[in-house]
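**Q** Mind having a look at this structure? Questions to follow.
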Amino acid sequence: VNTLNKQQIATLATSLQQQRQRLIAAIRAHLHQSDQPGERALLSSFDEHDGPSAALIGELGIAQLRHECEELQDIDAALQRIDAGNYGTCLQCGVPIPFERMSVQPVAKACLACQKKAEQSYGAWSHN
Ligand SMILES: [Zn+2]
C-alpha cells in the first residue's frame, strides 16, 4: 500500500475543511438559539477564531453539542496530522491507510485491522 500523494491529501483536506465549516455552522446556530448566558457567550469566541473552543463547550457540558464537538476535535486532529506530515498513517501500527478508506472516512486514524481490533476490545467504535 502506498502512502497518500500530495493531491490525495489536498482532496481530503478540502473535504475536512468543508465538514468543519458545516459543524461550526451547526454549533453556531445552536448557540444562537440558546437561552443560556454561558452558551451565548461562546458565540464571541466563534467570531474571533473562526471556530469554537471544543474543550470549552465540553466543559459547559452542552449535551446537544457533544457529538458535534467530538467530530470537530477529530477533524482538527486530522488537519493537525496533515500539517505534521503523518496523515493517512495508522497511529497504532504505522502502516499507510489506503486512499479508498481515507476518502470514506477522512478522520480515520487507524487502519482497518487496528480499528477492528479496537472494536473487539472496547466496542466503542462499533457505530462507525
Ligand atoms: Zn494499524
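Here's how to read the names in the C-alpha cells: chain A, B, ... by the order shown, residue numbers from 1 in each chain, ligand numbers from 1 in the order shown.
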Within 8 Å of Gly88 (chain A), counting only C-alpha atoms, which residues qualify if same-chain residues fewer than 6 places away don't, as a list of chain:residue names?
**A**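 Contacts, with the query itself left out: A:Thr3, A:Leu4, A:Pro96, A:Ile97, A:Pro98, A:Phe99, A:Met102, A:Ala108, A:Lys109.
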**Q** Check chain A with DSSP on the backbone and list each residue it calls helix (DSSP H, G or I), as a CSV table (one decimal) with N, CA and C atoms, in the first residue's frame.
**A**
chain,number,residue,atom,x,y,z
A,6,LYS,N,0.4,14.0,-2.7
A,6,LYS,CA,0.0,15.3,-2.3
A,6,LYS,C,-1.4,15.7,-2.7
A,7,GLN,N,-1.7,15.2,-3.9
A,7,GLN,CA,-3.1,15.6,-4.5
A,7,GLN,C,-4.2,14.9,-3.7
A,8,GLN,N,-3.9,13.7,-3.3
A,8,GLN,CA,-4.9,13.0,-2.5
A,8,GLN,C,-5.1,13.7,-1.1
A,9,ILE,N,-4.0,14.1,-0.5
A,9,ILE,CA,-4.1,14.8,0.8
A,9,ILE,C,-4.8,16.1,0.6
A,10,ALA,N,-4.6,16.8,-0.5
A,10,ALA,CA,-5.2,18.1,-0.8
A,10,ALA,C,-6.8,17.8,-0.9
A,11,THR,N,-7.1,16.8,-1.6
A,11,THR,CA,-8.6,16.4,-1.7
A,11,THR,C,-9.2,16.2,-0.4
A,12,LEU,N,-8.5,15.4,0.4
A,12,LEU,CA,-9.1,15.0,1.8
A,12,LEU,C,-9.1,16.3,2.7
A,13,ALA,N,-8.1,17.1,2.6
A,13,ALA,CA,-8.0,18.3,3.4
A,13,ALA,C,-9.2,19.2,3.0
A,14,THR,N,-9.6,19.3,1.7
A,14,THR,CA,-10.7,20.1,1.3
A,14,THR,C,-12.0,19.6,1.9
A,15,SER,N,-12.2,18.3,1.9
A,15,SER,CA,-13.4,17.7,2.5
A,15,SER,C,-13.5,17.9,4.0
A,16,LEU,N,-12.3,17.8,4.6
A,16,LEU,CA,-12.2,18.0,6.1
A,16,LEU,C,-12.6,19.5,6.4
A,17,GLN,N,-12.1,20.4,5.6
A,17,GLN,CA,-12.5,21.8,5.8
A,17,GLN,C,-14.0,22.1,5.6
A,18,GLN,N,-14.5,21.4,4.6
A,18,GLN,CA,-16.0,21.6,4.4
A,18,GLN,C,-16.8,21.0,5.5
A,19,GLN,N,-16.4,19.8,6.0
A,19,GLN,CA,-17.1,19.2,7.2
A,19,GLN,C,-17.0,20.1,8.4
A,20,ARG,N,-15.8,20.7,8.5
A,20,ARG,CA,-15.5,21.6,9.6
A,20,ARG,C,-16.5,22.8,9.6
A,21,GLN,N,-16.6,23.4,8.4
A,21,GLN,CA,-17.5,24.6,8.2
A,21,GLN,C,-18.9,24.2,8.6
A,22,ARG,N,-19.3,23.0,8.1
A,22,ARG,CA,-20.7,22.6,8.4
A,22,ARG,C,-21.0,22.4,9.9
A,23,LEU,N,-20.0,21.8,10.6
A,23,LEU,CA,-20.1,21.6,12.0
A,23,LEU,C,-20.2,22.9,12.8
A,24,ILE,N,-19.3,23.8,12.4
A,24,ILE,CA,-19.2,25.1,13.0
A,24,ILE,C,-20.5,25.9,12.8
A,25,ALA,N,-21.1,25.8,11.6
A,25,ALA,CA,-22.4,26.4,11.4
A,25,ALA,C,-23.5,25.8,12.3
A,26,ALA,N,-23.5,24.5,12.4
A,26,ALA,CA,-24.5,23.9,13.2
A,26,ALA,C,-24.3,24.3,14.7
A,27,ILE,N,-23.1,24.3,15.2
A,27,ILE,CA,-22.8,24.7,16.6
A,27,ILE,C,-23.2,26.1,16.8
A,28,ARG,N,-22.8,27.0,15.9
A,28,ARG,CA,-23.2,28.4,16.0
A,28,ARG,C,-24.7,28.6,16.0
A,29,ALA,N,-25.4,27.9,15.2
A,29,ALA,CA,-26.9,28.0,15.1
A,29,ALA,C,-27.5,27.6,16.5
A,30,HIS,N,-26.9,26.5,17.1
A,30,HIS,CA,-27.4,26.1,18.4
A,30,HIS,C,-27.2,27.1,19.4
A,31,LEU,N,-26.0,27.7,19.4
A,31,LEU,CA,-25.6,28.7,20.4
A,31,LEU,C,-26.5,30.0,20.3
A,32,HIS,N,-26.8,30.3,19.0
A,32,HIS,CA,-27.7,31.5,18.8
A,32,HIS,C,-29.1,31.3,19.4
A,33,GLN,N,-29.6,30.0,19.3
A,33,GLN,CA,-30.9,29.8,19.8
A,33,GLN,C,-31.0,29.6,21.3
A,37,PRO,N,-26.9,32.0,29.2
A,37,PRO,CA,-25.9,33.0,29.0
A,37,PRO,C,-24.5,32.5,28.7
A,38,GLY,N,-24.1,31.4,29.3
A,38,GLY,CA,-22.8,30.8,29.1
A,38,GLY,C,-22.6,30.3,27.6
A,39,GLU,N,-23.7,29.8,27.1
A,39,GLU,CA,-23.6,29.3,25.7
A,39,GLU,C,-23.6,30.5,24.7
A,40,ARG,N,-24.4,31.5,25.0
A,40,ARG,CA,-24.4,32.7,24.1
A,40,ARG,C,-23.0,33.4,24.2
A,41,ALA,N,-22.4,33.3,25.3
A,41,ALA,CA,-21.1,34.0,25.4
A,41,ALA,C,-20.1,33.3,24.5
A,42,LEU,N,-20.2,32.0,24.2
A,42,LEU,CA,-19.3,31.3,23.4
A,42,LEU,C,-19.3,31.8,22.0
A,43,LEU,N,-20.4,32.4,21.6
A,43,LEU,CA,-20.5,32.9,20.2
A,43,LEU,C,-19.4,33.9,19.9
A,44,SER,N,-19.0,34.7,20.8
A,44,SER,CA,-18.0,35.7,20.6
A,44,SER,C,-16.7,35.0,20.3
A,45,SER,N,-16.4,33.9,20.9
A,45,SER,CA,-15.2,33.1,20.6
A,45,SER,C,-15.2,32.5,19.2
A,46,PHE,N,-16.4,32.2,18.7
A,46,PHE,CA,-16.5,31.7,17.4
A,46,PHE,C,-16.0,32.8,16.4
A,47,ASP,N,-16.5,34.0,16.6
A,47,ASP,CA,-16.3,35.0,15.6
A,47,ASP,C,-14.8,35.4,15.6
A,48,GLU,N,-14.1,35.4,16.7
A,48,GLU,CA,-12.7,35.7,16.7
A,48,GLU,C,-11.9,34.7,16.1
A,49,HIS,N,-12.2,33.4,16.3
A,49,HIS,CA,-11.2,32.4,15.9
A,49,HIS,C,-11.7,31.5,14.8
A,54,ALA,N,-13.6,23.7,21.3
A,54,ALA,CA,-14.4,22.4,21.6
A,54,ALA,C,-14.2,22.0,23.0
A,55,ALA,N,-13.0,22.3,23.6
A,55,ALA,CA,-12.8,21.9,25.0
A,55,ALA,C,-13.7,22.7,25.9
A,56,LEU,N,-13.9,24.0,25.6
A,56,LEU,CA,-14.7,24.9,26.4
A,56,LEU,C,-16.2,24.4,26.3
A,57,ILE,N,-16.7,24.0,25.2
A,57,ILE,CA,-18.0,23.5,25.0
A,57,ILE,C,-18.2,22.2,25.8
A,58,GLY,N,-17.1,21.4,25.8
A,58,GLY,CA,-17.1,20.2,26.6
A,58,GLY,C,-17.3,20.5,28.1
A,59,GLU,N,-16.6,21.5,28.5
A,59,GLU,CA,-16.6,21.9,29.9
A,59,GLU,C,-18.0,22.3,30.3
A,60,LEU,N,-18.7,23.1,29.4
A,60,LEU,CA,-20.0,23.5,29.7
A,60,LEU,C,-21.0,22.4,29.8
A,63,ALA,N,-25.1,19.0,26.1
A,63,ALA,CA,-25.2,17.6,25.7
A,63,ALA,C,-25.5,17.6,24.2
A,64,GLN,N,-26.3,18.5,23.7
A,64,GLN,CA,-26.7,18.5,22.3
A,64,GLN,C,-25.5,18.7,21.4
A,65,LEU,N,-24.5,19.3,21.9
A,65,LEU,CA,-23.3,19.7,21.1
A,65,LEU,C,-22.2,18.6,21.2
A,66,ARG,N,-22.4,17.7,22.1
A,66,ARG,CA,-21.3,16.7,22.3
A,66,ARG,C,-20.8,16.0,21.1
A,67,HIS,N,-21.8,15.5,20.3
A,67,HIS,CA,-21.4,14.8,19.1
A,67,HIS,C,-20.7,15.7,18.1
A,68,GLU,N,-21.2,16.9,17.9
A,68,GLU,CA,-20.6,17.9,17.0
A,68,GLU,C,-19.2,18.2,17.5
A,69,CYS,N,-19.0,18.4,18.8
A,69,CYS,CA,-17.7,18.7,19.3
A,69,CYS,C,-16.7,17.6,19.1
A,70,GLU,N,-17.2,16.4,19.3
A,70,GLU,CA,-16.3,15.2,19.1
A,70,GLU,C,-15.8,15.1,17.7
A,71,GLU,N,-16.8,15.4,16.8
A,71,GLU,CA,-16.4,15.3,15.3
A,71,GLU,C,-15.5,16.4,15.0
A,72,LEU,N,-15.7,17.6,15.6
A,72,LEU,CA,-14.8,18.8,15.3
A,72,LEU,C,-13.4,18.5,15.8
A,73,GLN,N,-13.3,17.9,17.0
A,73,GLN,CA,-12.0,17.5,17.5
A,73,GLN,C,-11.3,16.5,16.6
A,74,ASP,N,-12.1,15.5,16.1
A,74,ASP,CA,-11.5,14.6,15.2
A,74,ASP,C,-11.0,15.2,13.9
A,75,ILE,N,-11.8,16.2,13.4
A,75,ILE,CA,-11.4,16.9,12.2
A,75,ILE,C,-10.1,17.7,12.5
A,76,ASP,N,-10.1,18.5,13.6
A,76,ASP,CA,-8.9,19.3,13.9
A,76,ASP,C,-7.7,18.4,14.1
A,77,ALA,N,-7.9,17.2,14.7
A,77,ALA,CA,-6.7,16.3,14.9
A,77,ALA,C,-6.2,15.9,13.5
A,78,ALA,N,-7.2,15.6,12.6
A,78,ALA,CA,-6.8,15.1,11.2
A,78,ALA,C,-6.0,16.2,10.5
A,79,LEU,N,-6.5,17.5,10.6
A,79,LEU,CA,-5.8,18.6,10.0
A,79,LEU,C,-4.4,18.8,10.6
A,80,GLN,N,-4.3,18.6,11.9
A,80,GLN,CA,-3.0,18.7,12.5
A,80,GLN,C,-2.1,17.6,12.0
A,81,ARG,N,-2.6,16.4,11.8
A,81,ARG,CA,-1.8,15.3,11.2
A,81,ARG,C,-1.3,15.7,9.8
A,82,ILE,N,-2.1,16.4,9.1
A,82,ILE,CA,-1.7,16.8,7.7
A,82,ILE,C,-0.5,17.7,7.8
A,83,ASP,N,-0.6,18.7,8.8
A,83,ASP,CA,0.5,19.6,9.0
A,83,ASP,C,1.7,18.9,9.5
A,84,ALA,N,1.5,17.9,10.3
A,84,ALA,CA,2.7,17.2,10.9
A,84,ALA,C,3.3,16.2,9.9
A,99,PHE,N,-6.1,5.2,0.3
A,99,PHE,CA,-6.9,6.4,0.0
A,99,PHE,C,-8.4,6.1,0.0
A,100,GLU,N,-8.7,4.9,-0.5
A,100,GLU,CA,-10.2,4.5,-0.5
A,100,GLU,C,-10.8,4.6,0.8
A,101,ARG,N,-10.1,4.2,1.9
A,101,ARG,CA,-10.6,4.2,3.2
A,101,ARG,C,-10.6,5.7,3.7
A,102,MET,N,-9.6,6.4,3.4
A,102,MET,CA,-9.5,7.8,3.9
A,102,MET,C,-10.6,8.7,3.2
A,103,SER,N,-10.9,8.4,1.9
A,103,SER,CA,-11.9,9.2,1.3
A,103,SER,C,-13.3,9.0,1.9
A,104,VAL,N,-13.5,7.7,2.4
A,104,VAL,CA,-14.8,7.5,3.0
A,104,VAL,C,-14.8,8.1,4.4
A,112,LEU,N,-7.8,-0.5,9.0
A,112,LEU,CA,-8.9,-1.3,9.2
A,112,LEU,C,-8.7,-2.4,10.2
A,113,ALA,N,-7.5,-3.0,10.1
A,113,ALA,CA,-7.2,-4.1,11.1
A,113,ALA,C,-7.1,-3.6,12.5
A,114,CYS,N,-6.5,-2.5,12.7
A,114,CYS,CA,-6.4,-1.9,14.0
A,114,CYS,C,-7.8,-1.5,14.6
A,115,GLN,N,-8.6,-0.9,13.6
A,115,GLN,CA,-9.9,-0.4,14.1
A,115,GLN,C,-10.8,-1.6,14.5
A,116,LYS,N,-10.7,-2.7,13.7
A,116,LYS,CA,-11.4,-3.9,14.1
A,116,LYS,C,-11.0,-4.4,15.5
A,117,LYS,N,-9.7,-4.4,15.7
A,117,LYS,CA,-9.1,-4.9,17.0
A,117,LYS,C,-9.7,-4.0,18.1
A,118,ALA,N,-9.7,-2.7,17.9
A,118,ALA,CA,-10.2,-1.8,18.9
A,118,ALA,C,-11.7,-2.0,19.1
A,119,GLU,N,-12.5,-2.3,18.1
A,119,GLU,CA,-13.9,-2.6,18.2
A,119,GLU,C,-14.1,-3.8,19.1
A,120,GLN,N,-13.3,-4.8,18.9
A,120,GLN,CA,-13.4,-6.1,19.6
A,120,GLN,C,-13.1,-5.8,21.1
A,121,SER,N,-12.0,-5.0,21.3
A,121,SER,CA,-11.6,-4.8,22.7
A,121,SER,C,-12.6,-3.9,23.5
A,122,TYR,N,-13.1,-2.9,22.8
A,122,TYR,CA,-13.8,-1.9,23.5
A,122,TYR,C,-15.3,-1.8,23.1
**Q** CA of Asn5 (chain A) and CA of Gly85 (chain A) are how many Å apart?
**A**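 Value for the CA of Asn5 (chain A)-CA of Gly85 (chain A) distance: 11.3 Å.
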**Q** So how far away is CA of Ile62 (chain A) from CA of Gln105 (chain A), in Å?
**A**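 Spanning CA of Gln105 (chain A) to CA of Ile62 (chain A) is a straight-line distance of 25.7 Å.
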**Q** List as a list in words the protein and nucleic acid residues lying within 6 Å of ligand 1, with only C-alpha atoms and all ligand atoms counted.
**A**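 With only C-alpha atoms and all ligand atoms and a cut-off of 6 Å, ligand 1 is contacted by Cys90, Gln92, Cys93, Val95, Ala110, Cys111, Ala113 and Cys114 of chain A.
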